[in-house]
Structure formats: structure tokens, C-alpha cells
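See below for input.txt, which holds compact mmCIF, C-alpha atoms and all ligand atoms.
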```txt
# COMPACT_ATOMS: atom_id res chain seq x y z
CA MET A 1 60.25 42.29 -57.68
CA SER A 2 63.39 40.69 -58.85
CA MET A 3 64.74 37.39 -59.94
CA GLU A 4 67.51 36.63 -57.55
CA PRO A 5 70.65 35.34 -59.19
CA THR A 6 71.43 31.92 -57.91
CA THR A 7 73.76 29.10 -58.72
CA LYS A 8 72.24 25.97 -57.30
CA ILE A 9 70.10 25.65 -54.23
CA SER A 10 68.64 22.61 -52.55
CA GLY A 11 65.56 21.94 -50.49
CA SER A 12 63.58 19.14 -48.94
CA CYS A 13 60.58 18.22 -46.89
CA LEU A 14 60.85 17.78 -43.14
CA CYS A 15 61.55 14.03 -43.20
CA GLY A 16 63.82 14.10 -46.25
CA ALA A 17 61.76 11.78 -48.43
CA VAL A 18 61.39 14.56 -50.99
CA GLN A 19 64.59 16.28 -52.12
CA TYR A 20 65.02 18.83 -54.84
CA THR A 21 67.45 21.29 -56.34
CA VAL A 22 66.95 24.45 -58.34
CA SER A 23 69.55 25.47 -60.87
CA GLY A 24 68.39 28.80 -62.17
CA PRO A 25 66.98 32.12 -61.03
CA LEU A 26 64.47 32.22 -58.23
CA ARG A 27 61.75 34.83 -57.88
CA SER A 28 61.65 37.00 -54.81
CA VAL A 29 59.43 35.66 -52.05
CA LEU A 30 55.74 36.53 -52.05
CA TYR A 31 53.56 36.03 -48.99
CA CYS A 32 50.17 34.62 -49.96
CA HIS A 33 47.23 35.05 -47.63
CA CYS A 34 44.59 33.25 -49.73
CA GLU A 35 42.37 30.74 -48.03
CA GLN A 36 43.96 27.77 -49.77
CA CYS A 37 47.43 28.79 -48.64
CA ARG A 38 46.18 29.37 -45.11
CA LYS A 39 44.53 25.98 -44.94
CA THR A 40 47.42 24.06 -46.43
CA SER A 41 50.12 25.74 -44.36
CA GLY A 42 48.34 26.51 -41.11
CA HIS A 43 49.20 30.21 -41.45
CA PHE A 44 50.12 32.00 -44.65
CA VAL A 45 52.55 30.94 -47.31
CA ALA A 46 55.94 32.33 -48.22
CA ALA A 47 56.85 31.17 -51.69
CA THR A 48 59.51 31.71 -54.27
CA ALA A 49 59.21 30.38 -57.83
CA CYS A 50 61.35 29.04 -60.61
CA SER A 51 61.00 27.90 -64.17
CA ASN A 52 59.78 24.31 -64.51
CA GLU A 53 62.94 23.24 -66.28
CA ASP A 54 65.14 24.57 -63.49
CA LEU A 55 63.59 22.32 -60.84
CA GLN A 56 64.99 18.84 -60.39
CA VAL A 57 63.25 16.60 -57.89
CA SER A 58 66.03 14.17 -57.05
CA ASP A 59 63.95 12.09 -54.65
CA ASP A 60 60.20 12.03 -55.24
CA ARG A 61 59.26 8.72 -53.64
CA ASP A 62 56.79 10.41 -51.27
CA LEU A 63 55.85 13.39 -53.39
CA ARG A 64 52.10 13.57 -53.91
CA TRP A 65 50.01 16.09 -55.82
CA TYR A 66 46.67 17.46 -54.71
CA ARG A 67 44.62 19.41 -57.24
CA SER A 68 43.57 22.31 -55.06
CA SER A 69 41.87 24.38 -57.74
CA PRO A 70 40.98 24.11 -61.41
CA MET A 71 44.21 25.91 -62.28
CA ALA A 72 46.81 24.38 -60.01
CA GLU A 73 47.94 21.52 -57.86
CA ARG A 74 49.97 21.39 -54.67
CA GLY A 75 52.89 19.08 -54.02
CA PHE A 76 53.46 17.70 -50.54
CA CYS A 77 55.23 14.88 -48.76
CA ALA A 78 52.99 11.90 -48.07
CA THR A 79 55.07 10.89 -45.04
CA CYS A 80 55.66 14.10 -43.10
CA GLY A 81 53.03 16.36 -44.66
CA SER A 82 55.35 19.19 -45.65
CA SER A 83 53.89 21.60 -48.15
CA LEU A 84 56.44 22.00 -50.94
CA PHE A 85 55.13 23.15 -54.30
CA TRP A 86 52.30 24.99 -56.01
CA ARG A 87 52.19 24.16 -59.70
CA PRO A 88 49.88 26.04 -62.03
CA ASP A 89 49.20 24.70 -65.50
CA ASP A 90 51.96 26.91 -66.80
CA ASN A 91 55.72 27.00 -67.22
CA TYR A 92 56.69 27.82 -63.67
CA ILE A 93 56.36 26.35 -60.22
CA CYS A 94 56.15 27.98 -56.82
CA ILE A 95 58.30 26.59 -54.03
CA MET A 96 57.51 27.04 -50.35
CA ALA A 97 60.42 29.19 -49.26
CA GLY A 98 60.80 27.52 -45.89
CA SER A 99 61.60 24.20 -47.56
CA LEU A 100 64.78 25.63 -49.08
CA ASP A 101 68.04 25.02 -47.30
CA ARG A 102 69.74 28.11 -45.95
CA PRO A 103 71.20 30.43 -47.02
CA THR A 104 68.62 31.17 -49.71
CA GLY A 105 69.86 34.63 -50.61
CA LEU A 106 66.23 35.57 -51.23
CA GLN A 107 64.27 38.60 -50.17
CA ALA A 108 60.53 39.06 -49.78
CA SER A 109 58.83 41.53 -52.09
CA GLY A 110 55.17 41.69 -51.15
CA HIS A 111 51.90 40.24 -49.90
CA ILE A 112 49.20 38.89 -52.22
CA PHE A 113 45.53 38.06 -51.65
CA VAL A 114 45.58 40.25 -48.56
CA GLU A 115 41.79 40.55 -48.69
CA MET A 116 41.67 36.89 -47.67
CA ALA A 117 44.07 37.18 -44.74
CA SER A 118 42.85 35.82 -41.43
CA ASP A 119 41.95 38.15 -38.57
CA TYR A 120 44.55 37.28 -35.95
CA TYR A 121 47.59 39.00 -37.47
CA GLU A 122 48.57 42.31 -38.97
CA ILE A 123 50.49 42.83 -42.20
CA ALA A 124 52.86 45.50 -41.04
CA ASP A 125 56.28 44.91 -42.57
CA GLY A 126 55.95 47.77 -45.05
CA LEU A 127 56.10 45.56 -48.16
CA PRO A 128 53.61 46.19 -50.98
CA THR A 129 50.21 44.56 -50.57
CA TYR A 130 47.94 43.35 -53.36
CA GLU A 131 44.32 42.26 -53.47
CA GLY A 132 44.38 39.15 -55.57
CA GLY A 133 47.61 38.14 -57.19
CA ASP A 134 50.46 40.36 -58.23
CA PRO A 135 50.15 40.44 -62.02
CA ARG A 136 53.90 40.79 -62.25
CA ALA A 137 54.47 37.74 -60.08
CA TRP A 138 55.98 35.74 -62.83
CA ALA A 139 55.62 36.80 -66.46
CA ASP A 140 57.55 40.05 -66.45
CA GLU A 141 60.36 38.53 -64.49
CA ARG A 142 61.37 36.29 -67.31
CA GLU A 143 62.44 39.13 -69.54
ZN ZN B 1 58.71 14.27 -45.86
ZN ZN B 2 47.68 31.50 -51.87
```
Write-out of the structure in C-alpha cells:
Amino acid sequence: MSMEPTTKISGSCLCGAVQYTVSGPLRSVLYCHCEQCRKTSGHFVAATACSNEDLQVSDDRDLRWYRSSPMAERGFCATCGSSLFWRPDDNYICIMAGSLDRPTGLQASGHIFVEMASDYYEIADGLPTYEGGDPRAWADERE
């Protein structure tokens, strides 16, 4: 897994009421098959991540937070419903990769929580798969 070098990248929800930029390295994209990600996205999630201080939400008038577990909350647009962020009580934040404007320059690096994947699709792209989270998903990447 690698931190992709990036200059500045922007993203938004579908209706544009939430706009953000990231000025700093982004993690490679992880696909998460956990039940929460399935329910919130309607399928599974593709997410990159950045350091909290590298994310600037320039327009947050419709940004709402839902505490989805004891350890994290999810940011979404109250108008259009776009799923945007997953924020653990930590120093980084995950960003739904599809909300980034293209080109992202990112690559996917693996699948996590595959034991919770639904039964109507196969994981067959050859990327590494992990039961539970990838322990390297964030911490080691900061070095
Ligand atoms: Zn919106
Ligand atoms: Zn998940």
C-alpha cells in the first residue's frame, strides 16, 4: 500500500452542497465490504484516506455526521445523501473515492472485511484480501 503523491485534489457530493479539497498525500484505495459500508453505500465502499489537517471542507452547509459505531462517524450530504467521509476518533479521515473529482491518480490496493461481503458478487480482481481491517491501512503509511 502506498501513499500517492498528490498536489491538491478536490471533491464534492452529488449536489455540490459539500465541497472539499485535500492538500497532502492520499492513501491508496481500499475496498471495504463490512456491513456498515454496504448499508451506507448500497454496495461496498471504495475509500482513500488523508491526514485530518490535509482536508479542507470549503463548503459544509449540508454536511452532517452520523455516529455509525462507537469508534467512528460518517459524513454525508443532508440534501443529496452522498456518502463522503468516515472519521475515526483518530488523526486521519477516510474519503469515499468516488466523491473525488477525476483524475485522482489513485490506485486500489486491497479488500478489507471480506468475511462480511454480500453474496451476490465475487471479489476477483486479484488484489489482496483481508478479514477485518488491514492493520497497515493507515499507521505505517505515515512514516
Ligand atoms: Zn449534496
Ligand atoms: Zn467498512
Rounded to one decimal in Å, what is the spacing between CA of Val22 in chain A and CA of Asn52 in chain A?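 Result for CA of Val22 in chain A versus CA of Asn52 in chain A: 9.5 Å, one decimal.
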Env. residues ligand ZN 1 (chain B) / 10 Å / only C-alpha atoms and all ligand atoms / as a ChimeraX atom specification: /A:12-19,60-63,76-84
Report the distance between CA of Lys8 in chain A and CA of Gly133 in chain A in Å, rounded to one decimal place.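 Result for CA of Lys8 in chain A versus CA of Gly133 in chain A: 27.5 Å, one decimal.
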Site check for ligand ZN 2 (chain B): residues at most 12 Å away, all atoms listed in the file, as a PyMOL selection string: chain A and resi 30-47+68-69+72-74+85-88+94-96+111-117+130-134
What gap, in Å, lies between CA of Ser118 in chain A and CA of Ala137 in chain A? 22.1 Å
With all atoms listed in the file as the atoms that count, which of A:Pro25, A:Ser58, A:Arg64, A:Leu100 lies nearest to Ser10 in chain A? A:Leu100
So which one's closest to Arg27 in chain A, A:Arg67, A:Pro128, A:Asp89, A:Thr104? Using only C-alpha atoms, please.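 Answer, going by the shortest atom-to-atom distance: A:Thr104.
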Given the choices A:Ile93, A:Val29, A:Ala108, A:Ala49, which gets closest to Leu127 in chain A if the distance is worked out from only C-alpha atoms? A:Ala108
Output range 47-67 of chain A with N, CA and C atoms present, as a CSV table (one decimal), in the coordinates of the input.
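selection.csv, freshly written:
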```
chain,number,residue,atom,x,y,z
A,47,ALA,N,56.4,32.0,-50.6
A,47,ALA,CA,56.8,31.2,-51.7
A,47,ALA,C,57.7,31.9,-52.7
A,48,THR,N,58.7,31.2,-53.1
A,48,THR,CA,59.5,31.7,-54.3
A,48,THR,C,59.0,31.0,-55.5
A,49,ALA,N,59.6,31.1,-56.6
A,49,ALA,CA,59.2,30.4,-57.8
A,49,ALA,C,60.4,30.2,-58.8
A,50,CYS,N,60.3,29.2,-59.6
A,50,CYS,CA,61.4,29.0,-60.6
A,50,CYS,C,60.7,28.5,-61.9
A,51,SER,N,61.5,28.5,-62.9
A,51,SER,CA,61.0,27.9,-64.2
A,51,SER,C,60.9,26.4,-64.0
A,52,ASN,N,59.9,25.8,-64.6
A,52,ASN,CA,59.8,24.3,-64.5
A,52,ASN,C,61.1,23.6,-64.8
A,53,GLU,N,61.8,24.0,-65.9
A,53,GLU,CA,62.9,23.2,-66.3
A,53,GLU,C,64.1,23.4,-65.3
A,54,ASP,N,64.0,24.4,-64.4
A,54,ASP,CA,65.1,24.6,-63.5
A,54,ASP,C,65.0,23.8,-62.2
A,55,LEU,N,63.8,23.1,-62.0
A,55,LEU,CA,63.6,22.3,-60.8
A,55,LEU,C,63.9,20.9,-61.1
A,56,GLN,N,64.7,20.3,-60.3
A,56,GLN,CA,65.0,18.8,-60.4
A,56,GLN,C,64.6,18.2,-59.1
A,57,VAL,N,63.6,17.3,-59.1
A,57,VAL,CA,63.2,16.6,-57.9
A,57,VAL,C,64.1,15.3,-57.9
A,58,SER,N,65.1,15.3,-57.0
A,58,SER,CA,66.0,14.2,-57.0
A,58,SER,C,65.5,13.0,-56.3
A,59,ASP,N,64.6,13.2,-55.4
A,59,ASP,CA,64.0,12.1,-54.6
A,59,ASP,C,62.5,12.4,-54.5
A,60,ASP,N,61.6,11.7,-55.3
A,60,ASP,CA,60.2,12.0,-55.2
A,60,ASP,C,59.4,10.9,-54.8
A,61,ARG,N,60.0,9.9,-54.0
A,61,ARG,CA,59.3,8.7,-53.6
A,61,ARG,C,58.0,9.0,-52.8
A,62,ASP,N,58.0,10.1,-52.0
A,62,ASP,CA,56.8,10.4,-51.3
A,62,ASP,C,56.1,11.7,-51.7
A,63,LEU,N,56.5,12.2,-52.9
A,63,LEU,CA,55.8,13.4,-53.4
A,63,LEU,C,54.5,13.1,-53.9
A,64,ARG,N,53.5,13.8,-53.4
A,64,ARG,CA,52.1,13.6,-53.9
A,64,ARG,C,51.6,14.9,-54.4
A,65,TRP,N,50.6,14.9,-55.3
A,65,TRP,CA,50.0,16.1,-55.8
A,65,TRP,C,48.5,16.1,-55.5
A,66,TYR,N,48.1,17.2,-55.0
A,66,TYR,CA,46.7,17.5,-54.7
A,66,TYR,C,46.2,18.6,-55.6
A,67,ARG,N,45.2,18.3,-56.4
A,67,ARG,CA,44.6,19.4,-57.2
A,67,ARG,C,43.7,20.3,-56.4
```
